[in-house]
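**Student:** Pasting final_30.cif here (mmCIF, C-alpha atoms):
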data_my_file
#
loop_
_atom_site.group_PDB
_atom_site.id
_atom_site.type_symbol
_atom_site.label_atom_id
_atom_site.label_comp_id
_atom_site.auth_asym_id
_atom_site.auth_seq_id
_atom_site.Cartn_x
_atom_site.Cartn_y
_atom_site.Cartn_z
ATOM 1 C CA ASN A 14 21.393 -70.951 -106.574
ATOM 2 C CA ALA A 15 22.969 -70.760 -103.099
ATOM 3 C CA GLY A 16 22.277 -67.067 -102.285
ATOM 4 C CA VAL A 17 23.902 -66.118 -98.969
ATOM 5 C CA THR A 18 25.822 -68.872 -97.192
ATOM 6 C CA GLN A 19 27.021 -68.678 -93.592
ATOM 7 C CA THR A 20 29.329 -70.997 -91.698
ATOM 8 C CA PRO A 21 29.287 -72.409 -89.107
ATOM 9 C CA LYS A 22 25.608 -72.923 -88.215
ATOM 10 C CA PHE A 23 26.345 -73.446 -84.529
ATOM 11 C CA ARG A 24 29.316 -72.679 -82.311
ATOM 12 C CA ILE A 25 30.137 -72.672 -78.608
ATOM 13 C CA LEU A 26 33.001 -70.420 -77.527
ATOM 14 C CA LYS A 27 34.681 -69.948 -74.200
ATOM 15 C CA ILE A 28 35.071 -66.441 -72.777
ATOM 16 C CA GLY A 29 38.121 -64.767 -74.297
ATOM 17 C CA GLN A 30 38.350 -66.992 -77.352
ATOM 18 C CA SER A 31 38.190 -65.592 -80.838
ATOM 19 C CA MET A 32 36.523 -66.779 -84.007
ATOM 20 C CA THR A 33 35.465 -65.730 -87.477
ATOM 21 C CA LEU A 34 31.968 -66.128 -88.844
ATOM 22 C CA GLN A 35 32.106 -66.679 -92.573
ATOM 23 C CA CYS A 36 29.650 -65.253 -95.094
ATOM 24 C CA THR A 37 29.660 -65.543 -98.863
ATOM 25 C CA GLN A 38 27.100 -64.571 -101.506
ATOM 26 C CA ASP A 39 26.800 -65.499 -105.145
ATOM 27 C CA MET A 40 24.328 -62.824 -106.258
ATOM 28 C CA ASN A 41 26.992 -60.231 -107.153
ATOM 29 C CA HIS A 42 25.533 -57.837 -104.591
ATOM 30 C CA ASN A 43 27.590 -54.811 -103.645
ATOM 31 C CA TYR A 44 26.009 -54.390 -100.216
ATOM 32 C CA MET A 45 26.527 -56.848 -97.386
ATOM 33 C CA TYR A 46 25.460 -56.718 -93.748
ATOM 34 C CA TRP A 47 25.920 -58.390 -90.407
ATOM 35 C CA TYR A 48 23.014 -58.370 -87.953
ATOM 36 C CA ARG A 49 22.592 -59.974 -84.569
ATOM 37 C CA GLN A 50 19.276 -61.102 -83.171
ATOM 38 C CA ASP A 51 18.603 -61.558 -79.478
ATOM 39 C CA PRO A 52 15.300 -63.044 -78.232
ATOM 40 C CA GLY A 53 12.499 -60.505 -78.520
ATOM 41 C CA MET A 54 14.883 -57.783 -79.647
ATOM 42 C CA GLY A 55 14.647 -57.775 -83.406
ATOM 43 C CA LEU A 56 17.664 -57.456 -85.670
ATOM 44 C CA LYS A 57 20.450 -55.028 -84.873
ATOM 45 C CA LEU A 58 23.036 -53.951 -87.426
ATOM 46 C CA ILE A 59 26.640 -54.675 -86.462
ATOM 47 C CA TYR A 60 28.575 -53.687 -89.602
ATOM 48 C CA TYR A 61 27.854 -53.187 -93.256
ATOM 49 C CA SER A 62 29.783 -52.860 -96.495
ATOM 50 C CA VAL A 63 28.877 -51.065 -99.711
ATOM 51 C CA GLY A 64 31.582 -52.728 -101.777
ATOM 52 C CA ALA A 65 34.956 -54.402 -101.663
ATOM 53 C CA GLY A 66 37.307 -52.480 -99.394
ATOM 54 C CA ILE A 67 34.558 -50.328 -97.851
ATOM 55 C CA THR A 68 33.041 -51.081 -94.446
ATOM 56 C CA ASP A 69 31.243 -49.043 -91.810
ATOM 57 C CA LYS A 70 29.861 -49.465 -88.320
ATOM 58 C CA GLY A 71 26.246 -50.113 -87.585
ATOM 59 C CA GLU A 72 24.331 -49.771 -84.339
ATOM 60 C CA VAL A 73 26.258 -52.340 -82.225
ATOM 61 C CA PRO A 74 29.842 -52.693 -83.552
ATOM 62 C CA ASN A 75 31.756 -53.010 -80.259
ATOM 63 C CA GLY A 76 33.612 -56.302 -79.926
ATOM 64 C CA TYR A 77 33.497 -57.080 -83.637
ATOM 65 C CA ASN A 78 35.575 -56.458 -86.726
ATOM 66 C CA VAL A 79 34.940 -56.987 -90.414
ATOM 67 C CA SER A 80 36.782 -56.939 -93.702
ATOM 68 C CA ARG A 81 35.645 -57.003 -97.329
ATOM 69 C CA SER A 82 38.399 -57.982 -99.710
ATOM 70 C CA THR A 83 36.087 -59.392 -102.399
ATOM 71 C CA THR A 84 32.532 -58.776 -103.538
ATOM 72 C CA GLU A 85 31.518 -62.276 -102.454
ATOM 73 C CA ASP A 86 32.900 -62.522 -98.910
ATOM 74 C CA PHE A 87 32.216 -60.559 -95.735
ATOM 75 C CA PRO A 88 33.631 -62.287 -92.622
ATOM 76 C CA LEU A 89 32.831 -61.126 -89.085
ATOM 77 C CA ARG A 90 35.563 -61.434 -86.470
ATOM 78 C CA LEU A 91 35.048 -61.735 -82.717
ATOM 79 C CA GLU A 92 38.358 -61.090 -80.962
ATOM 80 C CA LEU A 93 37.647 -61.637 -77.250
ATOM 81 C CA ALA A 94 34.359 -63.442 -76.866
ATOM 82 C CA ALA A 95 32.082 -62.284 -74.048
ATOM 83 C CA PRO A 96 28.780 -63.750 -72.787
ATOM 84 C CA SER A 97 27.022 -60.628 -74.135
ATOM 85 C CA GLN A 98 27.893 -61.833 -77.645
ATOM 86 C CA THR A 99 25.715 -64.909 -77.254
ATOM 87 C CA SER A 100 23.229 -64.393 -80.063
ATOM 88 C CA VAL A 101 22.116 -65.475 -83.510
ATOM 89 C CA TYR A 102 24.110 -63.791 -86.243
ATOM 90 C CA PHE A 103 22.722 -63.183 -89.697
ATOM 91 C CA CYS A 104 24.628 -62.139 -92.772
ATOM 92 C CA ALA A 105 22.663 -60.499 -95.576
ATOM 93 C CA SER A 106 23.292 -59.000 -98.975
ATOM 94 C CA GLY A 107 21.489 -56.628 -101.310
ATOM 95 C CA ALA A 108 21.800 -54.590 -104.450
ATOM 96 C CA GLY A 109 21.982 -51.431 -102.359
ATOM 97 C CA GLY A 110 20.185 -48.141 -102.513
ATOM 98 C CA PHE A 111 16.747 -48.537 -101.000
ATOM 99 C CA THR A 112 16.243 -52.156 -102.017
ATOM 100 C CA GLU A 113 15.672 -55.285 -99.963
ATOM 101 C CA ALA A 114 18.212 -57.549 -98.286
ATOM 102 C CA PHE A 115 18.471 -61.322 -98.516
ATOM 103 C CA PHE A 116 19.545 -63.323 -95.514
ATOM 104 C CA GLY A 117 21.740 -66.310 -94.877
ATOM 105 C CA GLN A 118 20.585 -69.141 -92.626
ATOM 106 C CA GLY A 119 22.265 -67.733 -89.520
ATOM 107 C CA THR A 120 24.915 -68.750 -86.993
ATOM 108 C CA ARG A 121 23.859 -69.540 -83.440
ATOM 109 C CA LEU A 122 26.732 -68.574 -81.130
ATOM 110 C CA THR A 123 26.939 -69.315 -77.434
ATOM 111 C CA VAL A 124 29.730 -67.875 -75.269
ATOM 112 C CA VAL A 125 30.256 -69.662 -71.965
ATOM 113 C CA GLN Z 29 18.231 -43.607 -83.249
ATOM 114 C CA LYS Z 30 15.550 -44.068 -85.854
ATOM 115 C CA GLU Z 31 12.767 -46.216 -84.422
ATOM 116 C CA VAL Z 32 10.601 -48.867 -86.002
ATOM 117 C CA GLU Z 33 7.807 -49.928 -83.692
ATOM 118 C CA GLN Z 34 5.683 -53.067 -83.787
ATOM 119 C CA ASN Z 35 3.303 -54.644 -81.324
ATOM 120 C CA SER Z 36 5.064 -57.808 -80.149
ATOM 121 C CA GLY Z 37 1.827 -59.792 -79.882
ATOM 122 C CA PRO Z 38 1.080 -62.583 -80.009
ATOM 123 C CA LEU Z 39 -1.698 -61.828 -82.453
ATOM 124 C CA SER Z 40 -4.062 -64.756 -82.613
ATOM 125 C CA VAL Z 41 -6.505 -65.174 -85.506
ATOM 126 C CA PRO Z 42 -8.666 -68.118 -86.573
ATOM 127 C CA GLU Z 43 -7.920 -69.952 -89.779
ATOM 128 C CA GLY Z 44 -9.499 -68.208 -92.768
ATOM 129 C CA ALA Z 45 -9.615 -64.788 -91.105
ATOM 130 C CA ILE Z 46 -7.707 -61.639 -92.022
ATOM 131 C CA ALA Z 47 -4.576 -60.932 -89.984
ATOM 132 C CA SER Z 48 -3.599 -57.271 -89.700
ATOM 133 C CA LEU Z 49 -0.043 -56.398 -88.677
ATOM 134 C CA ASN Z 50 1.018 -52.828 -88.030
ATOM 135 C CA CYS Z 51 4.256 -50.885 -87.944
ATOM 136 C CA THR Z 52 5.141 -47.259 -87.282
ATOM 137 C CA TYR Z 53 8.428 -45.520 -87.960
ATOM 138 C CA SER Z 54 9.908 -42.353 -86.593
ATOM 139 C CA ASP Z 55 11.762 -40.768 -89.485
ATOM 140 C CA ARG Z 56 9.857 -39.022 -92.255
ATOM 141 C CA GLY Z 57 12.840 -39.451 -94.572
ATOM 142 C CA SER Z 58 12.338 -43.212 -94.829
ATOM 143 C CA GLN Z 59 12.237 -44.285 -98.444
ATOM 144 C CA SER Z 60 11.400 -47.979 -98.613
ATOM 145 C CA PHE Z 61 9.560 -50.466 -96.463
ATOM 146 C CA PHE Z 62 9.628 -54.224 -96.204
ATOM 147 C CA TRP Z 63 7.870 -57.086 -94.479
ATOM 148 C CA TYR Z 64 9.818 -60.204 -93.601
ATOM 149 C CA ARG Z 65 8.475 -63.463 -92.229
ATOM 150 C CA GLN Z 66 10.596 -65.442 -89.785
ATOM 151 C CA TYR Z 67 9.751 -68.942 -88.653
ATOM 152 C CA SER Z 68 11.160 -70.073 -85.332
ATOM 153 C CA GLY Z 69 14.839 -70.965 -85.684
ATOM 154 C CA LYS Z 70 14.988 -69.783 -89.293
ATOM 155 C CA SER Z 71 16.231 -66.699 -91.095
ATOM 156 C CA PRO Z 72 14.052 -63.757 -92.195
ATOM 157 C CA GLU Z 73 12.383 -64.208 -95.572
ATOM 158 C CA LEU Z 74 11.199 -61.245 -97.640
ATOM 159 C CA ILE Z 75 7.474 -61.346 -98.397
ATOM 160 C CA MET Z 76 6.577 -57.775 -99.405
ATOM 161 C CA SER Z 77 8.214 -54.487 -100.329
ATOM 162 C CA ILE Z 78 6.484 -51.142 -100.767
ATOM 163 C CA TYR Z 79 7.905 -47.803 -101.833
ATOM 164 C CA SER Z 80 4.983 -45.439 -102.401
ATOM 165 C CA ASN Z 81 1.782 -44.517 -100.621
ATOM 166 C CA GLY Z 82 -1.175 -46.818 -101.071
ATOM 167 C CA ASP Z 83 -1.710 -50.542 -101.307
ATOM 168 C CA LYS Z 84 0.359 -53.270 -102.916
ATOM 169 C CA GLU Z 85 -1.100 -56.734 -103.308
ATOM 170 C CA ASP Z 86 0.684 -60.039 -103.857
ATOM 171 C CA GLY Z 87 -1.494 -63.114 -103.564
ATOM 172 C CA ARG Z 88 -2.952 -63.259 -100.056
ATOM 173 C CA PHE Z 89 -0.711 -60.441 -98.851
ATOM 174 C CA THR Z 90 -1.398 -56.709 -99.034
ATOM 175 C CA ALA Z 91 1.037 -54.069 -97.851
ATOM 176 C CA GLN Z 92 -0.289 -50.609 -97.069
ATOM 177 C CA LEU Z 93 1.830 -47.474 -96.722
ATOM 178 C CA ASN Z 94 0.849 -44.060 -95.388
ATOM 179 C CA LYS Z 95 3.902 -41.809 -95.280
ATOM 180 C CA ALA Z 96 1.988 -38.863 -93.812
ATOM 181 C CA SER Z 97 1.051 -40.961 -90.795
ATOM 182 C CA GLN Z 98 4.398 -42.838 -90.837
ATOM 183 C CA TYR Z 99 2.542 -46.104 -90.838
ATOM 184 C CA VAL Z 100 2.916 -49.341 -92.782
ATOM 185 C CA SER Z 101 0.757 -52.425 -92.420
ATOM 186 C CA LEU Z 102 0.502 -55.966 -93.711
ATOM 187 C CA LEU Z 103 -2.788 -57.740 -94.274
ATOM 188 C CA ILE Z 104 -2.888 -61.506 -94.672
ATOM 189 C CA ARG Z 105 -6.160 -62.758 -96.137
ATOM 190 C CA ASP Z 106 -7.460 -66.293 -95.640
ATOM 191 C CA SER Z 107 -4.882 -66.896 -92.897
ATOM 192 C CA GLN Z 108 -3.488 -70.421 -92.696
ATOM 193 C CA PRO Z 109 -1.758 -72.221 -89.811
ATOM 194 C CA SER Z 110 1.388 -72.142 -91.973
ATOM 195 C CA ASP Z 111 1.322 -68.329 -91.683
ATOM 196 C CA SER Z 112 2.108 -68.664 -87.965
ATOM 197 C CA ALA Z 113 5.459 -66.916 -87.613
ATOM 198 C CA THR Z 114 7.051 -63.663 -86.514
ATOM 199 C CA TYR Z 115 6.616 -60.800 -88.971
ATOM 200 C CA LEU Z 116 9.364 -58.199 -89.079
ATOM 201 C CA CYS Z 117 8.839 -54.693 -90.392
ATOM 202 C CA ALA Z 118 11.948 -53.097 -91.912
ATOM 203 C CA VAL Z 119 12.564 -49.546 -93.027
ATOM 204 C CA ASN Z 120 15.389 -48.264 -95.205
ATOM 205 C CA LEU Z 121 16.127 -44.678 -94.275
ATOM 206 C CA SER Z 122 19.662 -44.026 -95.343
ATOM 207 C CA GLY Z 123 19.981 -46.115 -98.474
ATOM 208 C CA TYR Z 124 22.613 -48.197 -96.729
ATOM 209 C CA ALA Z 125 20.865 -50.703 -94.490
ATOM 210 C CA LEU Z 126 17.526 -51.809 -93.119
ATOM 211 C CA ASN Z 127 16.326 -50.844 -89.666
ATOM 212 C CA PHE Z 128 14.099 -53.547 -88.163
ATOM 213 C CA GLY Z 129 11.283 -53.564 -85.671
ATOM 214 C CA LYS Z 130 11.192 -56.227 -82.962
ATOM 215 C CA GLY Z 131 8.565 -58.213 -84.817
ATOM 216 C CA THR Z 132 4.982 -59.307 -84.244
ATOM 217 C CA SER Z 133 4.250 -62.930 -83.444
ATOM 218 C CA LEU Z 134 1.243 -64.263 -85.383
ATOM 219 C CA LEU Z 135 -0.605 -67.435 -84.397
ATOM 220 C CA VAL Z 136 -3.244 -68.814 -86.754
ATOM 221 C CA THR Z 137 -5.451 -71.330 -84.982
ATOM 222 C CA PRO Z 138 -7.227 -74.138 -86.882
#
Could you render the structure as structure tokens?
**Tutor:**
Amino acid sequence: NAGVTQTPKFRILKIGQSMTLQCTQDMNHNYMYWYRQDPGMGLKLIYYSVGAGITDKGEVPNGYNVSRSTTEDFPLRLELAAPSQTSVYFCASGAGGFTEAFFGQGTRLTVV
Amino acid sequence: QKEVEQNSGPLSVPEGAIASLNCTYSDRGSQSFFWYRQYSGKSPELIMSIYSNGDKEDGRFTAQLNKASQYVSLLIRDSQPSDSATYLCAVNLSGYALNFGKGTSLLVTP
């Protein structure tokens, strides 16, 4: 049972480049999330989705875009990479409501 | 911004002792509460959830919730070196997503 799978695990980008972080889940969860984690700063919500075709901004959405065309997939797009986007990115999914979330293994992104 | 506060630590306890981790939250409307464990370089892993006032026990872990005081805690009995990790408190206020504290670093010394 794979759970939440993220690719790639590591990536180095140059300033101004773009990329897409992939996330897929096989638990048939309606809710999916993108968080970023900076050292000593906890997890901050970037975007979330409550179902296919429905997305909304979290606490730190600037510089990112998302889409949700299927229940399984929730990619995160960085259009013009900036050093401030150097972070570890976690995708998560959950059944929704007030229940828990399950995390992927993370993507470590460095922008130079 | 709804706040979830944790002492960053590190909290150091000897092997076999009880580790006590604390978390406060700012919004009285919060409905559900979670503790995640995160090893260095790894993703958060759910260890406890609690929804109502009182204690909830699962093996060596006990979660305690006091909604009147807006306080949730995690007790780890018989602490082991393998428990050394960062513990993240998470609160679900809106029913949409979890709001995380910055985490408490726990070090269990042999």
**Student:** Output the residue selection produced by the PyMOL selection byres ((chain Z and resi 92) around 7) on the file above, formatted as a ChimeraX atom specification.
**Tutor:** /Z:82-84,90-91,93-94,100-102
**Student:** Convert the output of the PyMOL selection byres ((chain Z) within 12 of (chain A)) on the shown file into explicit residues, formatted as a PyMOL selection string.
**Tutor:** chain Z and resi 29-38+57-79+114-133
**Student:** Quick one, how far is CA of Arg24 (chain A) from CA of Gln98 (chain A)?
**Tutor:**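 Answer for the CA of Arg24 (chain A) to CA of Gln98 (chain A) separation: 11.9 Å.
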**Student:** Any chance you could work out the axis-aligned box around region 96-111 of chain A, listed atoms only, 6 Å on each side, giving centre and edge lengths in Å to one decimal, as JSON?
**Tutor:**
{"center_x": 22.8, "center_y": -56.8, "center_z": -88.6, "size_x": 24.0, "size_y": 29.3, "size_z": 43.7}
**Student:** Hey, what's within 6 Å of region 15-17 of chain A if we count all atoms listed in the file and toss same-chain stuff fewer than 5 positions away? As a list in words, please?
**Tutor:**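 The contact residues come out as Thr37, Gln38, Asp39 and Gly117 of chain A.
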**Student:** At a cut-off of 8 Å around the point (30.3, -71.6, -93.8) (file coordinates), what residues fall inside when counting only C-alpha atoms? I'd like the answer as a ChimeraX atom specification.
**Tutor:** /A:18-22,34-37
**Student:** One decimal, in Å: what's the spacing between CA of Asp86 (chain A) and CA of His42 (chain A)?
**Tutor:**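 Atom-to-atom, CA of Asp86 (chain A) to CA of His42 (chain A), that is 10.4 Å.
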**Student:** Between A:Val79, A:Ile25, A:Ala108, A:Val124, which one has atoms that come closest to Asn43 (chain A), using only C-alpha atoms?
**Tutor:**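 Answer, going by the shortest atom-to-atom distance: A:Ala108.
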**Student:** What does the distance from CA of Cys51 (chain Z) to CA of Tyr99 (chain Z) come to in Å, to one decimal?
**Tutor:**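 These atoms are spaced 5.8 Å apart.
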**Student:** The PyMOL selection byres ((chain Z and resi 45) around 8) on the file shown: which residues, as a PyMOL selection string?
**Tutor:** chain Z and resi 41-44+46-47+105-107
**Student:** For Arg81 (chain A), which of A:Ala65, A:Met40, A:Ala95, A:Ile28 is the closest residue, counting all atoms listed in the file?
**Tutor:**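 Closest to Arg81 (chain A) of all the choices is A:Ala65.
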**Student:** Leaving out Tyr77 (chain A) and any residue of its chain fewer than 4 positions from it, which residues lie within 7 Å of it when counting only C-alpha atoms, given as a PyMOL selection string?
**Tutor:** chain A and resi 89-92
**Student:** Pick from A:Val73, A:Ile59, A:Ile67, A:Met32: nearest to Ala94 (chain A), with all atoms listed in the file counted?
**Tutor:**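 Smallest distance to Ala94 (chain A) is found for A:Met32.
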**Student:** Output region 79-90 of chain Z from the block with all heavy atoms, as an mmCIF file, in the first residue's frame?
**Tutor:**
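To be explicit, this is the file written out as part_18.cif:
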data_model
loop_
_atom_site.group_PDB
_atom_site.id
_atom_site.type_symbol
_atom_site.label_atom_id
_atom_site.label_comp_id
_atom_site.auth_asym_id
_atom_site.auth_seq_id
_atom_site.Cartn_x
_atom_site.Cartn_y
_atom_site.Cartn_z
ATOM 1 N N TYR Z 79 -10.130 13.898 20.338
ATOM 2 C CA TYR Z 79 -11.228 14.749 19.915
ATOM 3 C C TYR Z 79 -12.036 15.305 21.077
ATOM 4 O O TYR Z 79 -12.756 16.292 20.926
ATOM 5 C CB TYR Z 79 -12.179 13.964 19.004
ATOM 6 C CG TYR Z 79 -11.561 13.563 17.686
ATOM 7 C CD1 TYR Z 79 -10.810 12.398 17.584
ATOM 8 C CD2 TYR Z 79 -11.731 14.337 16.547
ATOM 9 C CE1 TYR Z 79 -10.242 12.018 16.378
ATOM 10 C CE2 TYR Z 79 -11.169 13.967 15.337
ATOM 11 C CZ TYR Z 79 -10.434 12.808 15.268
ATOM 12 O OH TYR Z 79 -9.871 12.431 14.065
ATOM 13 N N SER Z 80 -11.961 14.665 22.249
ATOM 14 C CA SER Z 80 -12.776 15.108 23.370
ATOM 15 C C SER Z 80 -11.915 15.257 24.616
ATOM 16 O O SER Z 80 -10.816 14.683 24.711
ATOM 17 C CB SER Z 80 -13.919 14.119 23.618
ATOM 18 O OG SER Z 80 -13.424 12.820 23.795
ATOM 19 N N ASN Z 81 -12.405 16.028 25.553
ATOM 20 C CA ASN Z 81 -11.674 16.277 26.788
ATOM 21 C C ASN Z 81 -11.332 14.982 27.512
ATOM 22 O O ASN Z 81 -12.100 14.027 27.504
ATOM 23 C CB ASN Z 81 -12.504 17.162 27.722
ATOM 24 C CG ASN Z 81 -12.452 18.617 27.350
ATOM 25 O OD1 ASN Z 81 -11.452 19.101 26.807
ATOM 26 N ND2 ASN Z 81 -13.534 19.325 27.608
ATOM 27 N N GLY Z 82 -10.141 14.984 28.141
ATOM 28 C CA GLY Z 82 -9.735 13.834 28.912
ATOM 29 C C GLY Z 82 -8.479 13.208 28.358
ATOM 30 O O GLY Z 82 -7.703 13.856 27.663
ATOM 31 N N ASP Z 83 -8.265 11.962 28.707
ATOM 32 C CA ASP Z 83 -7.072 11.232 28.317
ATOM 33 C C ASP Z 83 -7.397 10.164 27.283
ATOM 34 O O ASP Z 83 -8.477 9.564 27.316
ATOM 35 C CB ASP Z 83 -6.444 10.553 29.534
ATOM 36 C CG ASP Z 83 -5.916 11.540 30.550
ATOM 37 O OD1 ASP Z 83 -6.028 12.763 30.310
ATOM 38 O OD2 ASP Z 83 -5.407 11.102 31.599
ATOM 39 N N LYS Z 84 -6.440 9.923 26.402
ATOM 40 C CA LYS Z 84 -6.530 8.815 25.458
ATOM 41 C C LYS Z 84 -5.192 8.106 25.442
ATOM 42 O O LYS Z 84 -4.162 8.744 25.225
ATOM 43 C CB LYS Z 84 -6.878 9.325 24.055
ATOM 44 C CG LYS Z 84 -6.961 8.213 23.022
ATOM 45 C CD LYS Z 84 -7.272 8.785 21.658
ATOM 46 C CE LYS Z 84 -7.303 7.689 20.600
ATOM 47 N NZ LYS Z 84 -7.563 8.244 19.249
ATOM 48 N N GLU Z 85 -5.217 6.807 25.698
ATOM 49 C CA GLU Z 85 -3.986 6.043 25.813
ATOM 50 C C GLU Z 85 -3.831 5.081 24.644
ATOM 51 O O GLU Z 85 -4.798 4.460 24.192
ATOM 52 C CB GLU Z 85 -3.996 5.255 27.130
ATOM 53 C CG GLU Z 85 -2.712 4.534 27.455
ATOM 54 C CD GLU Z 85 -2.746 3.899 28.831
ATOM 55 O OE1 GLU Z 85 -3.255 4.525 29.775
ATOM 56 O OE2 GLU Z 85 -2.275 2.756 28.955
ATOM 57 N N ASP Z 86 -2.599 4.963 24.176
ATOM 58 C CA ASP Z 86 -2.272 4.001 23.112
ATOM 59 C C ASP Z 86 -0.862 3.520 23.355
ATOM 60 O O ASP Z 86 0.107 4.222 23.040
ATOM 61 C CB ASP Z 86 -2.392 4.654 21.739
ATOM 62 C CG ASP Z 86 -2.156 3.658 20.602
ATOM 63 O OD1 ASP Z 86 -1.900 2.461 20.879
ATOM 64 O OD2 ASP Z 86 -2.227 4.067 19.428
ATOM 65 N N GLY Z 87 -0.745 2.356 23.984
ATOM 66 C CA GLY Z 87 0.574 1.818 24.304
ATOM 67 C C GLY Z 87 1.301 2.710 25.291
ATOM 68 O O GLY Z 87 0.772 3.012 26.357
ATOM 69 N N ARG Z 88 2.490 3.170 24.925
ATOM 70 C CA ARG Z 88 3.261 4.029 25.836
ATOM 71 C C ARG Z 88 2.866 5.500 25.726
ATOM 72 O O ARG Z 88 3.400 6.332 26.463
ATOM 73 C CB ARG Z 88 4.752 3.887 25.517
ATOM 74 C CG ARG Z 88 5.324 2.508 25.784
ATOM 75 C CD ARG Z 88 6.842 2.480 25.599
ATOM 76 N NE ARG Z 88 7.264 2.763 24.230
ATOM 77 C CZ ARG Z 88 7.928 3.850 23.860
ATOM 78 N NH1 ARG Z 88 8.244 4.791 24.745
ATOM 79 N NH2 ARG Z 88 8.286 4.020 22.597
ATOM 80 N N PHE Z 89 1.965 5.811 24.827
ATOM 81 C CA PHE Z 89 1.576 7.194 24.586
ATOM 82 C C PHE Z 89 0.213 7.507 25.213
ATOM 83 O O PHE Z 89 -0.707 6.704 25.130
ATOM 84 C CB PHE Z 89 1.497 7.476 23.082
ATOM 85 C CG PHE Z 89 2.790 7.282 22.346
ATOM 86 C CD1 PHE Z 89 3.051 6.110 21.663
ATOM 87 C CD2 PHE Z 89 3.748 8.284 22.351
ATOM 88 C CE1 PHE Z 89 4.249 5.933 20.981
ATOM 89 C CE2 PHE Z 89 4.947 8.118 21.675
ATOM 90 C CZ PHE Z 89 5.206 6.936 20.994
ATOM 91 N N THR Z 90 0.128 8.694 25.831
ATOM 92 C CA THR Z 90 -1.138 9.203 26.328
ATOM 93 C C THR Z 90 -1.307 10.642 25.869
ATOM 94 O O THR Z 90 -0.430 11.466 26.125
ATOM 95 C CB THR Z 90 -1.231 9.159 27.860
ATOM 96 O OG1 THR Z 90 -1.127 7.801 28.302
ATOM 97 C CG2 THR Z 90 -2.543 9.739 28.347
#
